Amino acid sequence: MLLRRLQTQLCKTQNLLNKQQQLANASNFYRFSLRSIIQSSQANFSSAVVAQDVKQEPRFLEQVELFFNRAASKTGVPEDYLEQIKACDTVVRFTIPLVRDNGTVENITCYRAQHKHHHLPVKGGTRYSEHMDLQESMALASLMTFKLIIAGIPFGGAKGGVKINPSKYSMPELERITRRYTMELAKKGFIGPAIDCLGPDMGTNEQIMTWIKDQYVSMYGENNINAEGCCTGKFVNQGGIQGRAESTGLGVYYGTQELLHTESFLEKANLTEGIKGKTFTVQGFGSVGYWASKFFQQDGGKITSIVEYNSAIYNPKGFDVDDVKEYFRRNGSLYNYPKATEQTMVDPLSFLEKPCDILLPAAIEKSINMFNADNLKCKVVVEGANGPTTFYGEEILLKKGIVVVPDMLINGGGVTVSYFEWLKNLEHVAPGRLTKKYKLKKNIEILSQMGYVFPETSPHMNEMDGANEIEIVYSGLEEIMTEAVREHWKFAVENNLNFRDACFVKSIRKLHKHLEETGLLI
Ligand SMILES: NC(=O)C1=CN([C@@H]2O[C@H](COP(=O)(O)OP(=O)(O)OC[C@H]3O[C@@H](n4cnc5c(N)ncnc54)[C@H](O)[C@@H]3O)[C@@H](O)[C@H]2O)C=CC1
Ligand SMILES: O=C(O)CCC(=O)C(=O)O
């Protein structure tokens, strides 16, 4: 019996390893390149053109406040506490000089917002975008606080960035900007493994995060053995962790998969069980959008529409995600992709309105708004991006019976694996390393006690040992995402709340309890 279970386990492990190899190949393919930064930043530039109407909607920070207020009124938490919870604790805005490659000097504006200090460090992404400003940093920092509470991670929320379009800067210029940004944050007490741990976001990647780490460690490493934990999302060789690159998309997949096996959710969304055969529209084919699409496709989902800032494609039979990614990487556009049955360069946003089961906005804020919400033909919106649906847009979706799975719940996979990376940095050892061989010896011992001698030459020998880093990261992420989704969907159903309100209400109450216990007025 035990032997059979072990054999089944070995089979499962082999499958996982095969998938890992595929992922490693994909990860290699998606590795850092200047071009990927350039594409995403060109997108930031033209998104302003695409979404003119949206400017008539409240700004992002006001959107977050509208959502917060709607939910806060259902929490039973006293008003003075609600004001305290809503407010952003600390912000910093500063300019840094950049000597450009041609010798001219430019002033660059930088931000960091720390929303709540109830746990330290605070944590959140670093965005390089020419639309970055203080209200955007504050809005994103606030979402981080609730995201972290939902995932059960003991950090406060933060977010920051640099107001640049990275495509307009050379690699040496980007390095100088990043190092100076880090130095200024450090001087102002806005970075450090126990203070504020920066992560990646739009327009940043492993290279940027590694420069941040390197700058911080060179300044403080001598006196702080944990200095590497000042940021996450670094190259694996530079104190990063395996699985961070795909983690947000993988978390979106785990969470959606859980919902598509939950009877009450399927009933509400009018969907059948499982990802297999479901159709997806994906907006934003960067880190989050690409990886989520890849996992959905691996599980039998069909990616029927892909929407980028400069182009969009549609095929009711579904696309091969890696093939499209390679095309986009080479051409900087989806236009003329040979397997598309419909395409546009003129109005990519209109492809969000293509029929599908699940719409995954994984690009910018306010993509779904009061101007297009009524035209959507999906059954569920899964918010891979932060703030992709506006308050008034969501009101329309809810009236249409479209279920919105909120950002703060479903895109928490990235920060979850960032948390694992931070723990690895503090422990100074990779997850699973100390127990790997112990597990192997124990397994062989148990088998031999049962009279079975495991041959040393067995091809399964190296599958008998303990879990390695990537296995631990994946299983930890799956556990946190599925548990959070289960808990918050159940709460929504039991309290007759929409999904976003449920997430806000539960996390506001938790934060209120925490503040009450620690003593707000001291
Ligand atoms: N990277 C992470 O770990 C996490 C990211 N997020 C959020 O996910 C969203 C996307 O982030 P990443 O994938 O990391 O960024 P990214 O920079 O890797 O990719 C963004 C993609 O969106 C495209 N894009 C930009 N503007 C667009 C528009 N108007 N229409 C269509 N496509 C457009 C870009 O060309 C690019 O392909 C952001 O809202 C970010 O805050 C949320 C949680 C974690
Ligand atoms: O990993 C991190 O710290 C960044 C995550 C993030 O910015 C987000 O979840 O929006």
# chains A, B, ... in the order shown; residues from 1 in each chain; ligands from 1

$ residues_near_ligand --ligand "ligand 1" --cutoff "6 Å" --atoms "only C-alpha atoms and all ligand atoms" --output "PyMOL selection string"
chain A and resi 39-40+43-44+47+200-203+248+283-289+307-309+362-364+384-386+411+414

$ closest_atom_pairs --of "chain A" --to "ligand 2" --cutoff "8 Å" --atoms "only C-alpha atoms and all ligand atoms" --output "CSV"
residue,atom,partner,partner_atom_place_in_ligand_line,distance
A:Lys123,CA,ligand 2,3 (O),5.3
A:Gly124,CA,ligand 2,3 (O),3.8
A:Gly125,CA,ligand 2,7 (O),3.2
A:Thr126,CA,ligand 2,7 (O),6.7
A:Leu140,CA,ligand 2,10 (O),7.0
A:Leu143,CA,ligand 2,10 (O),7.7
A:Met144,CA,ligand 2,10 (O),6.2
A:Lys147,CA,ligand 2,9 (O),7.3
A:Lys159,CA,ligand 2,7 (O),6.6
A:Cys197,CA,ligand 2,3 (O),6.9
A:Leu198,CA,ligand 2,3 (O),5.6
A:Gly199,CA,ligand 2,3 (O),3.5
A:Pro200,CA,ligand 2,4 (C),5.1
A:Asp201,CA,ligand 2,7 (O),5.1
A:Cys231,CA,ligand 2,3 (O),7.6
A:Thr232,CA,ligand 2,1 (O),6.3
A:Gly233,CA,ligand 2,1 (O),6.6
A:Thr248,CA,ligand 2,9 (O),7.7
A:Ala385,CA,ligand 2,10 (O),7.8
A:Asn386,CA,ligand 2,10 (O),6.3
A:Met408,CA,ligand 2,9 (O),7.7
A:Asn411,CA,ligand 2,9 (O),6.2
A:Gly412,CA,ligand 2,9 (O),5.4
A:Gly413,CA,ligand 2,9 (O),7.3
A:Gly414,CA,ligand 2,1 (O),5.0
A:Val415,CA,ligand 2,1 (O),3.7
A:Thr416,CA,ligand 2,1 (O),7.1
A:Val417,CA,ligand 2,1 (O),7.1
A:Ser418,CA,ligand 2,1 (O),4.6
A:Tyr419,CA,ligand 2,1 (O),7.4

$ select_by_dssp --residues "segment 156-300 of chain A" --states "strand (DSSP E)" --output "count of residues only"
17

$ closest_residue --among "A:Val122, A:Ala158, A:Leu259, A:Val77" --to "Gly192 of chain A" --atoms "only C-alpha atoms"
A:Val122

$ residues_around --residues "segment 472-484 of chain A" --least-positions-apart "2" --cutoff "7 Å" --atoms "only C-alpha atoms" --output "ChimeraX atom specification"
/A:150-151,243,251,254-255,258,413,416-417,431,467-470,486-488

$ residues_around --residues "Trp291 of chain A" --least-positions-apart "2" --cutoff "10 Å" --atoms "only C-alpha atoms" --output "list in words"
Leu23, Ala26, Ser27, Tyr30, Ala245, Glu246, Ser247, Thr248, Gly249, Leu250, Gly251, Val252, Tyr253, Phe285, Gly286, Ser287, Val288, Gly289, Ser293, Lys294, Phe295, Phe296, Gln297, Val321 and Asp322 of chain A

$ select_by_dssp --residues "segment 272-412 of chain A" --states "helix (DSSP H, G or I)" --output "PyMOL selection string"
chain A and resi 287-298+321-331+348-353+373-375+391-400+407-410

$ residues_around --residues "segment 223-229 of chain A" --least-positions-apart "5" --cutoff "8 Å" --atoms "only C-alpha atoms" --output "list in words"
Gly192, Pro193, Cys197, Lys213, Tyr216, Val217, Gly239, Glu421, Trp422, Asn425 and Leu426 of chain A

$ residues_around --residues "Ala113 of chain A" --least-positions-apart "4" --cutoff "8 Å" --atoms "only C-alpha atoms" --output "CSV table (one decimal) with N, CA and C atoms, in the first residue's frame"
chain,number,residue,atom,x,y,z
A,88,CYS,N,-2.9,57.1,3.8
A,88,CYS,CA,-1.6,56.6,3.5
A,88,CYS,C,-0.6,57.1,4.5
A,89,ASP,N,0.2,56.3,5.2
A,89,ASP,CA,1.0,56.7,6.3
A,89,ASP,C,2.1,57.7,5.9
A,90,THR,N,2.9,57.3,4.9
A,90,THR,CA,4.1,58.1,4.6
A,90,THR,C,4.3,58.1,3.1
A,91,VAL,N,4.6,59.3,2.5
A,91,VAL,CA,5.0,59.3,1.1
A,91,VAL,C,6.2,60.1,0.9
A,92,VAL,N,7.0,59.8,-0.1
A,92,VAL,CA,8.1,60.6,-0.4
A,92,VAL,C,8.1,60.9,-1.9
A,134,LEU,N,2.2,60.8,-7.7
A,134,LEU,CA,2.0,60.5,-6.2
A,134,LEU,C,0.7,59.7,-6.0
A,137,SER,N,1.0,56.1,-6.9
A,137,SER,CA,1.7,55.4,-5.9
A,137,SER,C,0.9,55.1,-4.7
A,138,MET,N,0.1,56.1,-4.2
A,138,MET,CA,-0.7,55.9,-3.0
A,138,MET,C,-1.8,54.9,-3.2
A,141,ALA,N,-0.2,51.5,-3.3
A,141,ALA,CA,0.3,51.1,-2.0
A,141,ALA,C,-0.9,50.7,-1.1
A,158,ALA,N,3.1,49.0,0.2
A,158,ALA,CA,3.8,50.1,-0.3
A,158,ALA,C,3.9,50.0,-1.8
A,159,LYS,N,4.3,51.1,-2.5
A,159,LYS,CA,4.5,51.1,-3.9
A,159,LYS,C,5.2,52.3,-4.3
A,160,GLY,N,6.0,52.3,-5.3
A,160,GLY,CA,6.7,53.5,-5.8
A,160,GLY,C,7.2,53.3,-7.2

$ closest_atom_pairs --of "segment 335-363 of chain A" --to "segment 50-70 of chain A" --cutoff "9 Å" --atoms "only C-alpha atoms" --output "tab-separated table"
residue	atom	partner	partner_atom	distance
A:Asp347	CA	A:Val50	CA	7.3
A:Pro348	CA	A:Val50	CA	8.0
A:Leu349	CA	A:Val50	CA	7.2

$ write_last_selection --atoms "C-alpha atoms" --output "compact mmCIF listing (two decimals), in the first residue's frame"
# COMPACT_ATOMS: atom_id res chain seq x y z
CA ASP A 347 -8.63 50.35 -31.72
CA PRO A 348 -7.09 47.48 -29.72
CA LEU A 349 -9.25 48.25 -26.68

$ decode --residues "segment 419-468 of chain A" --atoms "N, CA and C atoms" --output "CSV table (one decimal), in the first residue's frame"
chain,number,residue,atom,x,y,z
A,419,TYR,N,7.6,37.2,-0.9
A,419,TYR,CA,7.7,37.0,0.5
A,419,TYR,C,8.6,35.7,0.7
A,420,PHE,N,8.4,34.7,-0.1
A,420,PHE,CA,9.3,33.5,0.0
A,420,PHE,C,10.8,33.9,-0.2
A,421,GLU,N,11.0,34.8,-1.2
A,421,GLU,CA,12.3,35.3,-1.5
A,421,GLU,C,12.9,36.0,-0.3
A,422,TRP,N,12.1,36.9,0.3
A,422,TRP,CA,12.6,37.7,1.4
A,422,TRP,C,13.0,36.7,2.6
A,423,LEU,N,12.2,35.7,2.8
A,423,LEU,CA,12.5,34.7,3.8
A,423,LEU,C,13.8,34.0,3.5
A,424,LYS,N,14.0,33.6,2.2
A,424,LYS,CA,15.2,33.0,1.8
A,424,LYS,C,16.4,33.9,2.0
A,425,ASN,N,16.3,35.1,1.8
A,425,ASN,CA,17.4,36.1,2.0
A,425,ASN,C,17.7,36.2,3.5
A,426,LEU,N,16.7,36.1,4.3
A,426,LEU,CA,16.9,36.2,5.8
A,426,LEU,C,17.5,34.9,6.3
A,427,GLU,N,17.1,33.8,5.7
A,427,GLU,CA,17.6,32.5,6.2
A,427,GLU,C,18.9,32.2,5.7
A,428,HIS,N,19.3,32.8,4.6
A,428,HIS,CA,20.6,32.6,3.9
A,428,HIS,C,20.7,31.1,3.5
A,429,VAL,N,19.6,30.5,3.1
A,429,VAL,CA,19.7,29.1,2.6
A,429,VAL,C,18.4,28.9,1.7
A,430,ALA,N,18.6,28.2,0.7
A,430,ALA,CA,17.5,27.9,-0.2
A,430,ALA,C,16.4,27.0,0.4
A,431,PRO,N,15.1,27.3,0.2
A,431,PRO,CA,14.1,26.4,0.8
A,431,PRO,C,14.4,24.9,0.4
A,432,GLY,N,14.3,24.1,1.4
A,432,GLY,CA,14.4,22.6,1.2
A,432,GLY,C,15.8,22.1,1.2
A,433,ARG,N,16.8,23.0,1.2
A,433,ARG,CA,18.2,22.5,1.0
A,433,ARG,C,18.6,21.6,2.2
A,434,LEU,N,18.2,22.0,3.4
A,434,LEU,CA,18.7,21.3,4.6
A,434,LEU,C,18.1,19.9,4.8
A,435,THR,N,16.9,19.8,4.3
A,435,THR,CA,16.1,18.5,4.6
A,435,THR,C,16.1,17.6,3.4
A,436,LYS,N,16.6,18.0,2.3
A,436,LYS,CA,16.5,17.2,1.0
A,436,LYS,C,17.0,15.8,1.2
A,437,LYS,N,18.2,15.6,1.6
A,437,LYS,CA,18.8,14.3,1.7
A,437,LYS,C,18.2,13.5,2.9
A,438,TYR,N,17.9,14.2,4.0
A,438,TYR,CA,17.3,13.6,5.1
A,438,TYR,C,16.0,12.8,4.7
A,439,LYS,N,15.2,13.5,3.9
A,439,LYS,CA,14.0,12.9,3.4
A,439,LYS,C,14.3,11.6,2.6
A,440,LEU,N,15.3,11.7,1.8
A,440,LEU,CA,15.7,10.5,0.9
A,440,LEU,C,16.0,9.3,1.9
A,441,LYS,N,16.9,9.6,2.9
A,441,LYS,CA,17.3,8.5,3.8
A,441,LYS,C,16.1,8.0,4.5
A,442,LYS,N,15.2,8.8,5.0
A,442,LYS,CA,14.0,8.4,5.7
A,442,LYS,C,13.1,7.5,4.8
A,443,ASN,N,12.9,7.9,3.5
A,443,ASN,CA,12.0,7.2,2.6
A,443,ASN,C,12.6,5.8,2.4
A,444,ILE,N,13.9,5.7,2.2
A,444,ILE,CA,14.6,4.4,1.9
A,444,ILE,C,14.5,3.5,3.2
A,445,GLU,N,14.6,4.2,4.3
A,445,GLU,CA,14.5,3.5,5.6
A,445,GLU,C,13.1,2.9,5.8
A,446,ILE,N,12.1,3.6,5.5
A,446,ILE,CA,10.7,3.2,5.7
A,446,ILE,C,10.5,2.0,4.8
A,447,LEU,N,11.0,2.1,3.5
A,447,LEU,CA,10.8,1.0,2.6
A,447,LEU,C,11.5,-0.2,3.0
A,448,SER,N,12.7,0.0,3.6
A,448,SER,CA,13.5,-1.2,3.9
A,448,SER,C,12.8,-1.9,5.2
A,449,GLN,N,12.3,-1.1,6.1
A,449,GLN,CA,11.6,-1.7,7.2
A,449,GLN,C,10.4,-2.5,6.7
A,450,MET,N,9.9,-2.2,5.6
A,450,MET,CA,8.7,-2.9,5.0
A,450,MET,C,9.2,-4.1,4.2
A,451,GLY,N,10.5,-4.2,4.2
A,451,GLY,CA,11.1,-5.4,3.4
A,451,GLY,C,11.4,-5.1,2.0
A,452,TYR,N,11.3,-3.8,1.6
A,452,TYR,CA,11.6,-3.5,0.2
A,452,TYR,C,12.9,-2.8,0.1
A,453,VAL,N,13.8,-3.4,-0.7
A,453,VAL,CA,15.1,-2.7,-0.9
A,453,VAL,C,15.1,-1.9,-2.1
A,454,PHE,N,15.2,-0.6,-2.0
A,454,PHE,CA,15.2,0.3,-3.1
A,454,PHE,C,16.6,0.3,-3.8
A,455,PRO,N,16.6,-0.2,-5.0
A,455,PRO,CA,18.0,-0.3,-5.7
A,455,PRO,C,18.6,1.1,-5.9
A,456,GLU,N,19.9,1.2,-5.6
A,456,GLU,CA,20.6,2.5,-5.8
A,456,GLU,C,20.6,2.9,-7.2
A,457,THR,N,20.5,1.9,-8.1
A,457,THR,CA,20.6,2.2,-9.5
A,457,THR,C,19.2,2.7,-10.1
A,458,SER,N,18.2,2.6,-9.3
A,458,SER,CA,16.8,2.9,-9.8
A,458,SER,C,16.8,4.3,-10.4
A,459,PRO,N,16.1,4.5,-11.5
A,459,PRO,CA,16.0,5.8,-12.1
A,459,PRO,C,15.2,6.8,-11.3
A,460,HIS,N,14.5,6.2,-10.3
A,460,HIS,CA,13.6,7.0,-9.4
A,460,HIS,C,14.4,7.5,-8.2
A,461,MET,N,15.6,7.1,-8.1
A,461,MET,CA,16.4,7.4,-6.8
A,461,MET,C,16.3,8.8,-6.5
A,462,ASN,N,16.6,9.7,-7.5
A,462,ASN,CA,16.7,11.1,-7.1
A,462,ASN,C,15.3,11.8,-6.9
A,463,GLU,N,14.2,11.0,-7.1
A,463,GLU,CA,12.9,11.5,-6.8
A,463,GLU,C,12.4,11.1,-5.4
A,464,MET,N,13.3,10.4,-4.7
A,464,MET,CA,12.9,9.9,-3.4
A,464,MET,C,13.2,11.0,-2.3
A,465,ASP,N,14.0,12.0,-2.7
A,465,ASP,CA,14.5,12.9,-1.7
A,465,ASP,C,13.5,14.0,-1.5
A,466,GLY,N,13.8,15.0,-0.6
A,466,GLY,CA,12.9,16.0,-0.2
A,466,GLY,C,12.6,17.0,-1.4
A,467,ALA,N,11.7,17.9,-1.1
A,467,ALA,CA,11.3,18.9,-2.2
A,467,ALA,C,12.4,19.9,-2.4
A,468,ASN,N,12.5,20.3,-3.6
A,468,ASN,CA,13.5,21.4,-3.9
A,468,ASN,C,12.9,22.7,-4.0
